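Asks: Provided herewith is a single structure, encoded as structure tokens, for subsequent inquiry.
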Amino acid sequence: MGQPTASRGRPATPTLGKAMLNKYARAFFTRVLTPFAAFLIRRGVSPDTVTLLGTAGVIAGALVFYPRGEFFWGTVVITLFVFSDLVDGNMARQMGRSSRWGAFLDSTLDRVADGAIFGGFALWYAGGGNDNVLCAVSIFCLASGQVVSYTKARGESIGLPVAVNGLVERAERLVISLVAAGLSGLHTFGVPGIDVLLPIALWIVAVGSLVTLIQRVVTVRRESAEAEAAASAPTDTTPGDSPRNSEATS
């Protein structure tokens with residue numbers, strides 16, 4: 001779950017850190033965490049190690065706490081490890097590193113973290129939460145999020161720009177789900193009625209992900225048709241190259 005900057009060798013895309021911190025406070029947290037990043041570099045810690053540890057923390061927060069219905073503490077743990085998104089990118093910039101491997105690792109672990117979060121929700125509703133419908137909705141959020149990411153990656157891999165901003169992309173999915181989960185967890189502290197926020201959020205994410213998937217599929221279909229039409233269009237010939245002019249000048 002790395003920092004979405006060119007220093008990690010990939011374009012800026014929404015990561016968990018960007019979703020929860022960078023949108024409004026990236027510059028502030030970058031300044032605050034720069035000394036810590038420099039400390040880790042001096043100790044020989046690599047950005048990839050920070051990325052791996054951050055993802056492990058998110059997985060632990062999601063799969064240890066969420067299946068037991070401890071949404072508040074699970075979200076607290078996940079939020080703490082969100083800072084790894086800022087630290088590893090800061091380290092990479094200070095070290096002047098730009099690698100395809102770092103980009104691949106970031107992107108892959110982002111999907112692992114997403115799967116753990118929505119998987120944790122599904123496990124809760126399949127067990128103590130005792131709600132098969134919300135379990136299915138959580139699984140749909142998990143699967144649709146992966147497919148939404150895949151459609152863009154696959155479209156770009158075949159040379160299409162996939163120029164569309166979906167209704168609910170990764171940043172929105174994470175912010176909506178995690179904020180709702182954290183607030184719903186306050187129910188265990190005696191706050192009444194607030195536990196309904198997570199089911200509402202999951203439905204919003206599910207519907208929004210479906211709309212986003214449709215938007216991307218339609219965009220790829222249109223861009224593909226335009227690209228194929230442009231490739232099959234006859235090449236214009238100049239008057240000097242036409243057969244009649246060639247005969248006249250021969």
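Identifiers for the structure tokens are assigned positionally: chains receive A, B, ... in sequence, residues are indexed from 1 per chain, and ligands are indexed from 1 in the order shown.
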Just the residues within 7 Å of region 47-58 of chain A, please, counting only C-alpha atoms, with nothing from its chain fewer than 3 positions along; format it as a list in words.

Replies: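 Selected residues are Met1, Gly2, Gly61, Ala62, Ile78, Phe81, Val82, Ser84, Asp88, Met91, Ala92, Gly102, Leu109 and Ala113 of chain A.
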
Asks: Please list as an MDAnalysis selection string every residue within 6 Å of region 118-123 of chain A, counting only C-alpha atoms and excluding residues in the same chain fewer than 4 positions away.

Replies: chainID A and resid 62:63 66:67 135 138 142

Asks: What lies within 12 Å of Met95 (chain A) using only C-alpha atoms, ignoring chain neighbours under 4 positions off, as a list of chain:residue names?

Replies: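 Returned residues: A:Ser7, A:Arg8, A:Thr34, A:Ala37, A:Ala38, A:Leu40, A:Ile41, A:Arg42, A:Gly44, A:Val45, A:Ser46, A:Pro47, A:Asp88, A:Gly89, A:Asn90, A:Met91, A:Ser99.
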
Asks: I need the residues from that last selection saved to file as an mmCIF file, in the first residue's frame (with C-alpha atoms), if you can.

Replies:
data_model
loop_
_atom_site.group_PDB
_atom_site.id
_atom_site.type_symbol
_atom_site.label_atom_id
_atom_site.label_comp_id
_atom_site.auth_asym_id
_atom_site.auth_seq_id
_atom_site.Cartn_x
_atom_site.Cartn_y
_atom_site.Cartn_z
ATOM 1 C CA SER A 7 8.808 8.022 -6.908
ATOM 2 C CA ARG A 8 7.353 4.561 -6.484
ATOM 3 C CA THR A 34 9.839 13.032 6.716
ATOM 4 C CA ALA A 37 11.258 8.220 6.999
ATOM 5 C CA ALA A 38 14.844 9.495 7.122
ATOM 6 C CA LEU A 40 14.204 4.343 8.790
ATOM 7 C CA ILE A 41 16.507 4.908 5.827
ATOM 8 C CA ARG A 42 19.472 5.372 8.151
ATOM 9 C CA GLY A 44 18.603 0.298 6.494
ATOM 10 C CA VAL A 45 14.844 -0.216 6.209
ATOM 11 C CA SER A 46 13.588 -0.301 2.623
ATOM 12 C CA PRO A 47 10.343 1.240 1.303
ATOM 13 C CA ASP A 88 7.197 4.379 2.055
ATOM 14 C CA GLY A 89 6.629 6.975 -0.653
ATOM 15 C CA ASN A 90 8.542 9.570 1.371
ATOM 16 C CA MET A 91 11.426 7.117 1.767
ATOM 17 C CA SER A 99 11.139 0.987 -9.772
#

Asks: Got a sec: who's within 10 Å of Leu197 (chain A), counting only C-alpha atoms, leaving out chain neighbours fewer than 5 positions off, as a list in words?

Replies: Ile176, Ser177, Val179, Ala180, Ala181, Gly182, Leu183, Ser184, Gly185 and Leu202 of chain A

Asks: Pick out the residues sitting within 10 Å of Ser149 (chain A), and hand them over as a PDB file with N, CA and C atoms, in the first residue's frame; count only C-alpha atoms, and ignore anything fewer than 5 positions along from it in its own chain.

Replies:
ATOM      1  N   SER A 107       0.573  -1.843  -5.944  1.00  0.00           N
ATOM      2  CA  SER A 107      -0.731  -2.106  -6.538  1.00  0.00           C
ATOM      3  C   SER A 107      -1.290  -3.447  -6.082  1.00  0.00           C
ATOM      4  N   ARG A 111      -4.752  -4.313  -3.322  1.00  0.00           N
ATOM      5  CA  ARG A 111      -5.897  -5.205  -3.555  1.00  0.00           C
ATOM      6  C   ARG A 111      -6.024  -6.224  -2.426  1.00  0.00           C
ATOM      7  N   SER A 144     -16.538  -6.759  -6.607  1.00  0.00           N
ATOM      8  CA  SER A 144     -16.715  -5.666  -7.569  1.00  0.00           C
ATOM      9  C   SER A 144     -15.562  -4.677  -7.501  1.00  0.00           C
ATOM     10  N   ARG A 154      -6.736  -3.563 -17.281  1.00  0.00           N
ATOM     11  CA  ARG A 154      -6.791  -4.332 -18.530  1.00  0.00           C
ATOM     12  C   ARG A 154      -6.984  -3.423 -19.728  1.00  0.00           C
ATOM     13  N   GLU A 169     -14.896   5.073  -6.792  1.00  0.00           N
ATOM     14  CA  GLU A 169     -13.622   4.414  -7.054  1.00  0.00           C
ATOM     15  C   GLU A 169     -12.997   3.984  -5.729  1.00  0.00           C
ATOM     16  N   ARG A 170     -11.747   3.551  -5.764  1.00  0.00           N
ATOM     17  CA  ARG A 170     -11.150   2.926  -4.581  1.00  0.00           C
ATOM     18  C   ARG A 170     -11.146   3.871  -3.367  1.00  0.00           C
ATOM     19  N   LEU A 213     -18.433   0.082 -12.400  1.00  0.00           N
ATOM     20  CA  LEU A 213     -18.050  -1.000 -13.307  1.00  0.00           C
ATOM     21  C   LEU A 213     -18.711  -0.827 -14.666  1.00  0.00           C
ATOM     22  N   ARG A 216     -17.052   1.976 -16.627  1.00  0.00           N
ATOM     23  CA  ARG A 216     -15.753   1.618 -17.209  1.00  0.00           C
ATOM     24  C   ARG A 216     -15.907   0.662 -18.386  1.00  0.00           C
TER      25      ARG A 216
END

Asks: For Ile158 (chain A), which residue out of A:Leu178, A:Val196, A:Ile214, A:Val220 is the nearest one, using only C-alpha atoms?

Replies: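 For Ile158 (chain A), the nearest of the given residues is A:Val220.
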
Asks: What parts of region 90-194 of chain A does DSSP call helix (DSSP H, G or I)? I'd like the answer as a PyMOL selection string.

Replies: chain A and resi 90-95+100-126+132-157+170-189+194

Asks: In terms of the shortest atom-to-atom distance over only C-alpha atoms, which of A:Glu172, A:Glu228, A:Asp195, A:Asp85 is closest to Leu33 (chain A)?

Replies: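 Distance minimum relative to Leu33 (chain A) lands on A:Asp85.
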